[in-house]
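Asker: The structure file protein_5.csv (CSV, C-alpha atoms) is provided below.
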```
chain,number,residue,atom,x,y,z
A,1,MET,CA,34.9,86.4,42.9
A,2,ARG,CA,35.3,83.7,45.5
A,3,LEU,CA,33.9,81.1,43.1
A,4,LEU,CA,36.3,82.2,40.3
A,5,PHE,CA,39.3,82.1,42.6
A,6,GLY,CA,38.3,78.6,43.9
A,7,THR,CA,37.9,77.2,40.4
A,8,VAL,CA,41.2,78.5,39.2
A,9,PHE,CA,42.9,77.2,42.3
A,10,ALA,CA,41.3,73.8,42.0
A,11,LEU,CA,42.1,73.5,38.3
A,12,ALA,CA,45.7,74.5,38.8
A,13,ILE,CA,46.1,71.9,41.6
A,14,ALA,CA,44.4,69.2,39.5
A,15,ALA,CA,46.6,69.9,36.5
A,16,ALA,CA,49.7,69.8,38.6
A,17,ILE,CA,48.8,66.6,40.4
A,18,GLY,CA,47.5,64.8,37.3
A,19,LEU,CA,50.4,65.7,35.0
A,20,GLY,CA,53.0,65.3,37.8
A,21,ALA,CA,51.7,61.8,38.7
A,22,THR,CA,51.8,60.8,35.0
A,23,TRP,CA,55.3,62.1,34.6
A,24,ILE,CA,56.6,60.3,37.7
A,25,ALA,CA,54.8,57.1,36.8
A,26,LEU,CA,56.3,57.1,33.3
A,27,THR,CA,59.9,58.1,34.2
A,28,ARG,CA,60.3,56.0,37.3
A,29,GLY,CA,59.1,52.9,35.6
A,30,THR,CA,56.3,51.8,37.9
A,31,ALA,CA,54.5,49.2,35.7
A,32,TYR,CA,52.3,46.7,37.5
A,33,GLY,CA,52.8,42.9,37.6
A,34,GLY,CA,56.6,42.9,37.9
A,35,VAL,CA,58.2,39.5,38.7
A,36,THR,CA,61.3,40.1,40.9
A,37,ILE,CA,63.8,37.4,41.5
A,38,GLY,CA,66.9,38.5,43.4
A,39,ALA,CA,68.1,41.7,41.8
A,40,TRP,CA,66.2,41.0,38.6
A,41,THR,CA,62.8,42.2,37.6
A,42,ALA,CA,60.7,41.2,34.5
A,43,TRP,CA,57.3,42.4,33.3
A,44,PRO,CA,56.1,39.3,31.5
A,45,LYS,CA,52.7,40.8,31.0
A,46,SER,CA,54.2,43.6,28.8
A,47,GLY,CA,54.8,40.9,26.2
A,48,THR,CA,51.1,40.1,25.8
A,49,PRO,CA,48.0,42.0,24.8
A,50,GLY,CA,47.2,42.1,28.5
A,51,ILE,CA,49.9,44.8,28.9
A,52,ASP,CA,48.8,47.3,31.6
A,53,PRO,CA,48.1,51.0,30.6
A,54,TYR,CA,51.2,52.3,32.4
A,55,ALA,CA,53.5,49.9,30.7
A,56,ARG,CA,51.8,50.8,27.4
A,57,ALA,CA,52.3,54.5,27.9
A,58,MET,CA,55.9,53.9,28.8
A,59,VAL,CA,56.5,51.8,25.7
A,60,ALA,CA,54.9,54.6,23.6
A,61,ARG,CA,57.1,57.3,25.3
A,62,THR,CA,60.4,55.5,25.0
A,63,GLY,CA,59.9,53.9,21.6
A,64,ASP,CA,60.9,50.5,23.0
A,65,LEU,CA,59.3,47.2,21.6
A,66,PRO,CA,58.7,44.8,24.5
A,67,VAL,CA,59.8,41.2,23.9
A,68,GLY,CA,56.8,39.1,23.0
A,69,SER,CA,55.8,36.4,25.4
A,70,GLY,CA,56.0,33.8,22.7
A,71,ASP,CA,59.6,34.9,22.0
A,72,GLY,CA,61.1,35.2,25.4
A,73,VAL,CA,61.2,37.3,28.6
A,74,ALA,CA,63.6,40.1,29.6
A,75,PHE,CA,64.9,40.6,33.2
A,76,TYR,CA,66.2,44.0,34.1
A,77,ALA,CA,68.7,44.8,37.0
A,78,ARG,CA,69.7,48.3,37.9
A,79,ALA,CA,70.9,47.5,41.4
A,80,ASP,CA,72.9,44.7,43.0
A,81,ASP,CA,71.6,42.1,45.5
A,82,ALA,CA,72.3,44.6,48.3
A,83,GLY,CA,70.1,47.2,46.6
A,84,LEU,CA,72.9,49.5,45.6
A,85,PRO,CA,72.6,51.0,42.1
A,86,LEU,CA,75.0,49.5,39.6
A,87,ASP,CA,78.0,51.8,39.2
A,88,GLY,CA,80.2,51.5,36.1
A,89,ARG,CA,83.3,52.6,38.1
A,90,CYS,CA,83.1,49.5,40.3
A,91,ASP,CA,83.7,45.8,39.6
A,92,VAL,CA,80.5,43.9,39.8
A,93,LEU,CA,80.4,40.1,39.8
A,94,VAL,CA,77.4,38.4,38.1
A,95,SER,CA,77.5,34.8,39.1
A,96,GLY,CA,75.4,31.7,38.9
A,97,ILE,CA,73.1,30.0,36.5
A,98,THR,CA,70.1,31.1,34.5
A,99,PRO,CA,66.6,29.6,34.2
A,100,GLN,CA,65.9,27.0,31.5
A,101,ALA,CA,66.0,28.6,28.1
A,102,ARG,CA,67.2,27.7,24.7
A,103,PHE,CA,69.4,30.8,24.4
A,104,TRP,CA,70.0,33.8,26.6
A,105,THR,CA,71.8,37.1,26.2
A,106,MET,CA,73.1,39.5,28.8
A,107,THR,CA,73.5,43.1,27.7
A,108,LEU,CA,74.7,46.3,29.3
A,109,TYR,CA,72.8,49.6,28.6
A,110,ASN,CA,72.8,53.0,30.0
A,111,LEU,CA,69.6,54.1,31.7
A,112,GLU,CA,68.2,55.4,28.4
A,113,GLY,CA,68.5,52.0,26.8
A,114,ARG,CA,71.5,52.8,24.7
A,115,LEU,CA,74.6,50.6,24.4
A,116,VAL,CA,77.7,51.9,26.1
A,117,ALA,CA,80.8,52.6,24.1
A,118,ASN,CA,84.0,50.8,25.2
A,119,SER,CA,87.4,49.9,23.8
A,120,VAL,CA,86.7,46.3,23.0
A,121,GLN,CA,83.2,46.7,21.3
A,122,ARG,CA,81.6,44.3,23.7
A,123,GLN,CA,78.1,45.1,24.8
A,124,GLY,CA,77.0,41.7,26.1
A,125,PHE,CA,77.3,38.0,26.1
A,126,THR,CA,75.2,35.2,24.5
A,127,SER,CA,74.8,31.8,26.2
A,128,GLN,CA,77.0,30.4,23.4
A,129,GLU,CA,79.9,32.7,24.0
A,130,ILE,CA,80.2,32.6,27.7
A,131,ILE,CA,82.9,30.6,29.4
A,132,ARG,CA,81.4,28.3,32.0
A,133,LYS,CA,82.8,26.5,35.0
A,134,ALA,CA,82.8,22.7,35.3
A,135,ASP,CA,79.4,22.7,37.0
A,136,GLY,CA,77.8,24.8,34.2
A,137,SER,CA,77.6,28.0,36.2
A,138,PHE,CA,79.4,31.2,35.0
A,139,ASP,CA,81.0,34.3,36.4
A,140,VAL,CA,80.8,37.6,34.5
A,141,THR,CA,82.9,40.5,35.8
A,142,VAL,CA,81.2,43.8,34.9
A,143,GLY,CA,83.7,46.6,35.4
A,144,PRO,CA,85.7,49.4,33.9
A,145,ARG,CA,89.1,47.6,33.6
A,146,ALA,CA,89.9,44.4,31.7
A,147,ARG,CA,89.5,41.2,33.7
A,148,PRO,CA,90.3,37.6,32.8
A,149,GLY,CA,87.4,35.3,31.9
A,150,ASN,CA,84.1,36.9,31.0
A,151,TRP,CA,84.6,40.6,31.2
A,152,LEU,CA,81.7,43.0,30.4
A,153,PRO,CA,83.2,46.5,30.1
A,154,THR,CA,81.2,49.4,31.5
A,155,GLY,CA,83.1,52.1,29.7
A,156,GLY,CA,83.3,53.8,33.1
A,157,VAL,CA,79.7,55.2,33.0
A,158,GLU,CA,78.2,56.1,36.3
A,159,LYS,CA,74.9,54.3,36.1
A,160,TYR,CA,73.9,51.4,33.9
A,161,LEU,CA,71.5,48.5,33.8
A,162,LEU,CA,71.9,44.8,32.9
A,163,VAL,CA,69.3,43.0,30.8
A,164,LEU,CA,69.1,39.2,30.8
A,165,ARG,CA,66.9,38.0,28.0
A,166,LEU,CA,65.8,34.4,28.0
A,167,TYR,CA,64.6,33.1,24.6
A,168,ASP,CA,62.3,30.2,24.0
A,169,THR,CA,61.8,29.6,27.7
A,170,PRO,CA,59.1,28.1,29.8
A,171,ILE,CA,59.6,30.8,32.4
A,172,GLY,CA,56.6,33.1,32.2
A,173,MET,CA,54.0,34.7,34.3
A,174,ALA,CA,53.8,31.8,36.7
A,175,ALA,CA,57.4,32.0,37.9
A,176,ARG,CA,57.6,33.8,41.2
A,177,THR,CA,60.5,32.4,43.1
A,178,GLY,CA,64.2,31.7,42.7
A,179,ARG,CA,63.7,28.0,42.9
A,180,GLU,CA,61.6,27.9,39.7
A,181,ALA,CA,63.8,30.4,38.0
A,182,PRO,CA,67.4,30.6,39.4
A,183,MET,CA,68.8,34.0,38.4
A,184,PRO,CA,72.5,34.9,38.8
A,185,SER,CA,73.5,36.8,41.8
A,186,ILE,CA,74.9,40.4,41.5
A,187,SER,CA,77.5,41.5,44.0
A,188,LYS,CA,79.7,44.6,44.2
A,189,ARG,CA,83.5,44.2,44.4
A,190,ALA,CA,86.3,46.8,44.5
A,191,CYS,CA,85.7,50.3,43.1
A,192,LEU,CA,88.1,52.5,41.1
B,1,MET,CA,37.7,76.5,56.0
B,2,ILE,CA,35.2,73.9,55.0
B,3,ARG,CA,34.8,75.5,51.6
B,4,MET,CA,38.6,75.4,51.1
B,5,THR,CA,38.7,71.7,52.0
B,6,LEU,CA,36.0,71.0,49.5
B,7,TRP,CA,37.8,72.9,46.8
B,8,LEU,CA,41.0,70.9,47.6
B,9,LEU,CA,39.1,67.6,47.6
B,10,GLY,CA,37.6,68.5,44.2
B,11,ALA,CA,41.1,69.4,42.9
B,12,LEU,CA,42.5,66.0,44.1
B,13,LEU,CA,39.7,64.1,42.4
B,14,LEU,CA,40.1,66.1,39.2
B,15,GLY,CA,43.9,65.5,39.4
B,16,GLY,CA,43.3,61.8,39.5
B,17,ILE,CA,41.1,62.0,36.4
B,18,VAL,CA,43.8,64.1,34.6
B,19,HIS,CA,46.4,61.5,35.5
B,20,LEU,CA,44.4,58.5,34.2
B,21,ALA,CA,43.3,60.3,31.1
B,22,THR,CA,46.9,61.3,30.2
B,23,VAL,CA,48.2,57.8,30.8
B,24,LEU,CA,45.4,56.4,28.5
B,25,ILE,CA,45.8,59.0,25.8
B,26,LEU,CA,49.6,59.0,25.6
B,27,PRO,CA,50.0,55.9,23.4
B,28,ARG,CA,47.8,57.6,20.8
B,29,MET,CA,49.6,60.8,20.9
B,30,ALA,CA,53.2,59.5,20.9
B,31,THR,CA,55.3,60.6,17.9
B,32,GLN,CA,58.5,58.8,18.8
B,33,ASP,CA,57.1,55.3,19.5
B,34,ALA,CA,58.5,52.2,17.8
B,35,TYR,CA,56.0,52.3,15.0
B,36,ALA,CA,56.9,55.9,14.1
B,37,ARG,CA,60.6,55.1,14.3
B,38,VAL,CA,60.2,52.1,12.0
B,39,SER,CA,58.0,54.1,9.6
B,40,ALA,CA,61.0,56.5,9.1
B,41,ILE,CA,63.1,53.7,7.5
B,42,ALA,CA,60.6,51.1,6.2
B,43,PRO,CA,58.1,51.4,3.4
B,44,VAL,CA,54.8,49.6,3.7
B,45,ASN,CA,54.6,45.8,3.1
B,46,SER,CA,58.3,45.1,2.5
B,47,VAL,CA,61.1,43.6,4.6
B,48,ILE,CA,63.8,46.1,5.6
B,49,ALA,CA,67.0,45.2,7.5
B,50,VAL,CA,67.3,47.2,10.7
B,51,PRO,CA,70.9,48.5,11.2
B,52,PRO,CA,72.5,46.8,14.2
B,53,PRO,CA,72.4,49.1,17.3
B,54,THR,CA,75.6,50.9,18.2
B,55,PRO,CA,76.4,53.2,21.2
B,56,GLU,CA,75.9,56.2,18.9
B,57,ASN,CA,72.9,55.0,16.9
B,58,ALA,CA,70.0,52.7,17.5
B,59,LEU,CA,66.5,52.7,15.9
B,60,MET,CA,65.0,51.8,19.2
B,61,PRO,CA,66.2,51.7,22.8
B,62,PHE,CA,67.0,48.4,24.4
B,63,MET,CA,67.6,46.5,21.1
B,64,ASP,CA,69.4,43.2,21.7
B,65,PRO,CA,72.8,43.5,19.9
B,66,ALA,CA,73.1,39.7,19.7
B,67,PHE,CA,70.4,39.7,17.0
B,68,ALA,CA,70.2,40.5,13.3
B,69,VAL,CA,66.8,42.2,12.9
B,70,SER,CA,64.6,42.9,9.9
B,71,VAL,CA,61.2,44.5,10.1
B,72,CYS,CA,58.0,44.5,8.0
B,73,ARG,CA,55.6,47.4,8.5
B,74,TYR,CA,52.3,46.0,7.3
B,75,ASP,CA,49.1,47.4,6.1
B,76,LEU,CA,46.2,45.0,5.6
B,77,SER,CA,43.6,47.5,4.4
B,78,ARG,CA,43.8,46.2,0.8
B,79,ALA,CA,44.6,42.5,1.2
B,80,PRO,CA,45.9,39.9,3.6
B,81,LEU,CA,49.6,39.4,3.8
B,82,LYS,CA,51.7,36.4,3.0
B,83,PHE,CA,54.8,36.1,5.2
B,84,SER,CA,57.8,33.7,5.0
B,85,VAL,CA,61.3,33.6,6.4
B,86,PRO,CA,63.8,30.7,6.2
B,87,ILE,CA,65.1,29.8,9.7
B,88,SER,CA,68.8,30.5,10.5
B,89,GLN,CA,71.1,28.1,12.2
B,90,ALA,CA,70.7,29.4,15.8
B,91,TYR,CA,67.4,30.9,16.7
B,92,THR,CA,64.9,32.7,14.6
B,93,SER,CA,61.7,34.4,15.9
B,94,VAL,CA,59.0,36.4,14.3
B,95,SER,CA,57.0,38.7,16.6
B,96,PHE,CA,53.9,40.6,15.7
B,97,TYR,CA,53.0,44.0,17.1
B,98,THR,CA,49.9,46.1,16.8
B,99,ARG,CA,49.9,49.7,15.6
B,100,SER,CA,50.3,50.7,19.3
B,101,ASP,CA,53.4,48.5,19.8
B,102,VAL,CA,51.7,45.8,21.7
B,103,PRO,CA,53.0,42.3,21.0
B,104,TYR,CA,50.1,39.9,20.2
B,105,TYR,CA,51.7,36.9,18.6
B,106,ALA,CA,55.2,35.4,18.3
B,107,ILE,CA,56.5,32.2,16.7
B,108,ASN,CA,60.0,30.8,16.7
B,109,ASP,CA,61.8,28.3,14.5
B,110,ARG,CA,61.2,25.3,16.8
B,111,ALA,CA,57.4,26.0,17.1
B,112,ALA,CA,57.3,26.3,13.3
B,113,GLY,CA,58.9,22.9,13.0
B,114,ARG,CA,60.1,23.4,9.4
B,115,ARG,CA,62.9,25.0,7.6
B,116,VAL,CA,60.7,28.0,6.7
B,117,ILE,CA,58.3,30.0,8.9
B,118,GLU,CA,55.3,30.6,6.7
B,119,LEU,CA,52.0,32.2,7.6
B,120,ASP,CA,49.1,34.4,6.4
B,121,LEU,CA,48.4,37.6,8.3
B,122,MET,CA,44.9,39.1,8.1
B,123,THR,CA,42.3,41.1,10.0
B,124,ALA,CA,39.4,39.4,11.7
B,125,ALA,CA,37.1,40.6,8.9
B,126,GLN,CA,39.3,39.1,6.2
B,127,ARG,CA,39.5,35.9,8.0
B,128,ALA,CA,35.7,35.7,8.3
B,129,GLU,CA,35.5,36.2,4.5
B,130,LEU,CA,37.6,33.1,3.8
B,131,PRO,CA,35.7,30.4,2.1
B,132,GLU,CA,35.1,27.6,4.6
B,133,ASP,CA,36.4,24.7,2.5
B,134,GLN,CA,39.6,26.6,2.0
B,135,ASP,CA,40.1,26.8,5.7
B,136,ILE,CA,39.8,23.1,6.1
B,137,THR,CA,41.8,21.9,3.1
B,138,ALA,CA,44.7,24.1,4.1
B,139,ALA,CA,45.0,22.6,7.6
B,140,ASP,CA,48.7,23.2,7.8
B,141,ARG,CA,48.3,26.8,6.7
B,142,LEU,CA,49.1,29.0,9.7
B,143,ILE,CA,46.8,32.0,9.9
B,144,VAL,CA,47.5,34.9,12.3
B,145,THR,CA,44.8,37.4,13.0
B,146,SER,CA,45.9,41.0,13.5
B,147,PRO,CA,43.9,43.1,15.9
B,148,THR,CA,44.8,46.3,13.9
B,149,THR,CA,45.0,46.9,10.2
B,150,THR,CA,48.5,48.2,10.5
B,151,GLY,CA,51.4,47.0,12.7
B,152,LEU,CA,54.9,45.6,12.7
B,153,ILE,CA,56.5,42.2,12.1
B,154,MET,CA,59.9,42.0,13.8
B,155,ILE,CA,62.0,39.2,12.4
B,156,ARG,CA,65.0,38.3,14.6
B,157,ALA,CA,67.8,35.9,14.0
B,158,LEU,CA,70.3,35.2,16.8
B,159,VAL,CA,74.0,35.7,16.2
B,160,PRO,CA,75.4,33.4,18.8
B,161,GLU,CA,78.9,34.4,18.0
B,162,LEU,CA,80.4,37.1,15.8
B,163,GLY,CA,81.3,34.7,12.9
B,164,ALA,CA,77.6,33.9,12.5
B,165,VAL,CA,76.6,37.4,11.3
B,166,PRO,CA,76.5,36.6,7.6
B,167,ALA,CA,74.4,33.5,8.1
B,168,ALA,CA,71.8,35.3,10.1
B,169,ARG,CA,71.7,38.2,7.7
B,170,ASN,CA,71.3,35.9,4.8
B,171,ALA,CA,68.4,34.1,6.3
B,172,LEU,CA,66.7,37.4,7.0
B,173,ALA,CA,67.4,38.7,3.5
B,174,ALA,CA,65.2,35.9,2.2
B,175,ALA,CA,62.3,37.0,4.3
B,176,ARG,CA,59.2,38.1,2.4
B,177,CYS,CA,56.0,39.9,3.3
B,178,ARG,CA,53.7,40.5,0.4
B,179,PRO,CA,50.0,41.3,0.0
B,180,GLN,CA,48.1,38.3,-1.5
```
In structure tokens, write the structure found in this file.

Answerer:
Amino acid sequence: MRLLFGTVFALAIAAAIGLGATWIALTRGTAYGGVTIGAWTAWPKSGTPGIDPYARAMVARTGDLPVGSGDGVAFYARADDAGLPLDGRCDVLVSGITPQARFWTMTLYNLEGRLVANSVQRQGFTSQEIIRKADGSFDVTVGPRARPGNWLPTGGVEKYLLVLRLYDTPIGMAARTGREAPMPSISKRACL
Amino acid sequence: MIRMTLWLLGALLLGGIVHLATVLILPRMATQDAYARVSAIAPVNSVIAVPPPTPENALMPFMDPAFAVSVCRYDLSRAPLKFSVPISQAYTSVSFYTRSDVPYYAINDRAAGRRVIELDLMTAAQRAELPEDQDITAADRLIVTSPTTTGLIMIRALVPELGAVPAARNALAAARCRPQ
């Protein structure tokens, strides 16, 4: 009787721990080998056959296709430089320069990876469209209300993330610091 | 008390095994992965244009809206594949994914160095069967080896500004992937 009780108890705990850990790992996005520069994080290894099992399971679950490392690299930001989650009801200033790349795009998604509907049908900028300052740097205002210059509308959603994709870039697994790969800063401004 | 602790320890160990096993098995069990999503719109060994992502509808999450995309879902079980796409004005890239959505090769217009990206896709076994002399004479023939018999080729052309949509779409419309 005692043995039976013990077995059932152990199996129940094992199932709860095992499945719970898998669920948390896959929904929280805890892949290994992330390269974090400022507010931005990329997983360059996910673009190679050396992709780790967690990233692989995540890719299978979400239906996403990672950017191949021969194509480019994608940096994700879901919080600003101060670590506060990006809030679509606030103005956020993305400012600076990007690492060397032939082209880049910056796109706004909700947390599920869908584009966000807005009145001007703008979901992102390409390096060709963006208006730069005299020194080559740029400012993008991400916010709910129209702004002069580069305005990326949030559609007023509560949470979102920004994805900066660099195409045909030498930035890869070796880049670790902001000096090799200068990423734009993300700072929060006024809220609605 | 000791017996209880032992049971608990055993449970923890087993939990760890369950966790690792589920993480490793999940990619094989997934029914909504990118390959499955593409299978729903694309027949085997032909190039299909992927509709641009909108807030309401997207074939896959995190698609870059700045690109025109076509896809070829390939099956090499009968014969190797010949692939070609003319490059568009801005940036064209071709990425290869295995059946389990792992990128294993990518080439872009600049690396190709020509007006057309042209290559042969085959499995390791098919490559081994190639007559040797053929391998040498066709030195400029690009051969890509696929780790799996099925997989995806994503063809992407950058649309640097809205006016360039037709040009990018035209380049992709001329893409071919055919068994040899």

Asker: Would you compute the distance between atom CA of A:Ile24 and atom CA of A:Gly63? Give it in Å to one decimal.

Answerer: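 For atom CA of A:Ile24 relative to atom CA of A:Gly63, the distance reads 17.6 Å.
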
Asker: Between B:Val18, B:Ile48, B:Ala124, B:Ala157, which residue has the minimum interatomic distance to chain A, considering all atoms listed in the file?

Answerer: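 Selected residue with least distance to chain A: B:Val18.
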
Asker: Ranking B:Ala112, B:Ile2, B:Leu119, B:Ala68 by minimum distance to B:Leu162 and counting all atoms listed in the file, which one comes first?

Answerer: B:Ala68

Asker: What's the 10 Å shell around A:Leu26, counting all atoms listed in the file, without same-chain residues fewer than 2 positions away, as a PyMOL selection string?

Answerer: (chain A and resi 20-24+28-31+54-59+61-62) or (chain B and resi 23)

Asker: Taking all atoms listed in the file into account, what are the residues of chain B at most 7 Å from chain A, put as a ChimeraX atom specification?

Answerer: /B:7-8,10-12,14-16,18-19,22-24,26-27,30,32-34,54-55,60-62,66,93,95,101-108,160-161

Asker: Report, in Å with one decimal, the straight-line distance from atom CA of B:Arg110 to atom CA of B:Ala171.

Answerer: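 Going from atom CA of B:Arg110 over to atom CA of B:Ala171 covers 15.5 Å.
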
Asker: Could you please determine the separation between atom CA of B:Tyr35 and atom CA of B:Arg141 in Å, to one decimal place?

Answerer: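 One can read the atom CA of B:Tyr35 to atom CA of B:Arg141 distance as 27.9 Å.
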
Asker: Just the residues within 6 Å of stretch 33-42 of chain A, please, counting all atoms listed in the file, with nothing from its chain fewer than 2 positions along; format it as a VMD selection string.

Answerer: chain A and resid 44 74 to 77 80 to 81 178

Asker: Show me the residues close to (52.3, 50.7, 12.9) - anything with an atom within 7 Å, counting all atoms listed in the file - and format the list as a ChimeraX atom specification.

Answerer: /B:35,73,98-100,150-152

Asker: What lies within 9 Å of A:Val142 using only C-alpha atoms, ignoring chain neighbours under 2 positions off, as an mmCIF file with C-alpha atoms, in the frame of the given file?

Answerer:
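Output saved as around-v4.cif:
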```
data_model
loop_
_atom_site.group_PDB
_atom_site.id
_atom_site.type_symbol
_atom_site.label_atom_id
_atom_site.label_comp_id
_atom_site.auth_asym_id
_atom_site.auth_seq_id
_atom_site.Cartn_x
_atom_site.Cartn_y
_atom_site.Cartn_z
ATOM 1 C CA GLY A 88 80.200 51.500 36.100
ATOM 2 C CA CYS A 90 83.100 49.500 40.300
ATOM 3 C CA ASP A 91 83.700 45.800 39.600
ATOM 4 C CA VAL A 92 80.500 43.900 39.800
ATOM 5 C CA LEU A 93 80.400 40.100 39.800
ATOM 6 C CA VAL A 94 77.400 38.400 38.100
ATOM 7 C CA LEU A 108 74.700 46.300 29.300
ATOM 8 C CA VAL A 140 80.800 37.600 34.500
ATOM 9 C CA PRO A 144 85.700 49.400 33.900
ATOM 10 C CA ARG A 145 89.100 47.600 33.600
ATOM 11 C CA ARG A 147 89.500 41.200 33.700
ATOM 12 C CA ASN A 150 84.100 36.900 31.000
ATOM 13 C CA TRP A 151 84.600 40.600 31.200
ATOM 14 C CA LEU A 152 81.700 43.000 30.400
ATOM 15 C CA PRO A 153 83.200 46.500 30.100
ATOM 16 C CA THR A 154 81.200 49.400 31.500
#
```

Asker: Got a sec: who's within 9 Å of B:Pro43, counting all atoms listed in the file, leaving out chain neighbours fewer than 3 positions off, as a ChimeraX atom specification?

Answerer: /B:38-40,46-48,72-74

Asker: Compile the contact shell of B:Cys177 as a short mmCIF file (atom, residue, chain, number, x, y, z; two decimals) with C-alpha atoms, keeping the file's coordinate frame: residues with an atom at most 12 Å away, counting all atoms listed in the file, same-chain residues fewer than 6 positions apart removed.

Answerer:
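File produced: result_14.cif:
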```
data_model
loop_
_atom_site.label_atom_id
_atom_site.label_comp_id
_atom_site.auth_asym_id
_atom_site.auth_seq_id
_atom_site.Cartn_x
_atom_site.Cartn_y
_atom_site.Cartn_z
CA PRO B 43 58.10 51.40 3.40
CA VAL B 44 54.80 49.60 3.70
CA ASN B 45 54.60 45.80 3.10
CA SER B 46 58.30 45.10 2.50
CA VAL B 47 61.10 43.60 4.60
CA ILE B 48 63.80 46.10 5.60
CA SER B 70 64.60 42.90 9.90
CA VAL B 71 61.20 44.50 10.10
CA CYS B 72 58.00 44.50 8.00
CA ARG B 73 55.60 47.40 8.50
CA TYR B 74 52.30 46.00 7.30
CA ASP B 75 49.10 47.40 6.10
CA LEU B 76 46.20 45.00 5.60
CA ALA B 79 44.60 42.50 1.20
CA PRO B 80 45.90 39.90 3.60
CA LEU B 81 49.60 39.40 3.80
CA LYS B 82 51.70 36.40 3.00
CA PHE B 83 54.80 36.10 5.20
CA SER B 84 57.80 33.70 5.00
CA VAL B 85 61.30 33.60 6.40
CA VAL B 94 59.00 36.40 14.30
CA ILE B 117 58.30 30.00 8.90
CA GLU B 118 55.30 30.60 6.70
CA LEU B 119 52.00 32.20 7.60
CA ASP B 120 49.10 34.40 6.40
CA LEU B 121 48.40 37.60 8.30
CA LEU B 152 54.90 45.60 12.70
CA ILE B 153 56.50 42.20 12.10
CA MET B 154 59.90 42.00 13.80
CA ILE B 155 62.00 39.20 12.40
#
```

Asker: Write out as lines of an AutoDock Vina configuration file an axis-aligned box for stretch 18-32 of chain B: all of its atoms listed in the file, 8 Å added on each side, centre and edge lengths in Å with one decimal.

Answerer:
```
center_x = 50.9
center_y = 60.0
center_z = 26.7
size_x = 31.2
size_y = 24.2
size_z = 33.6
```
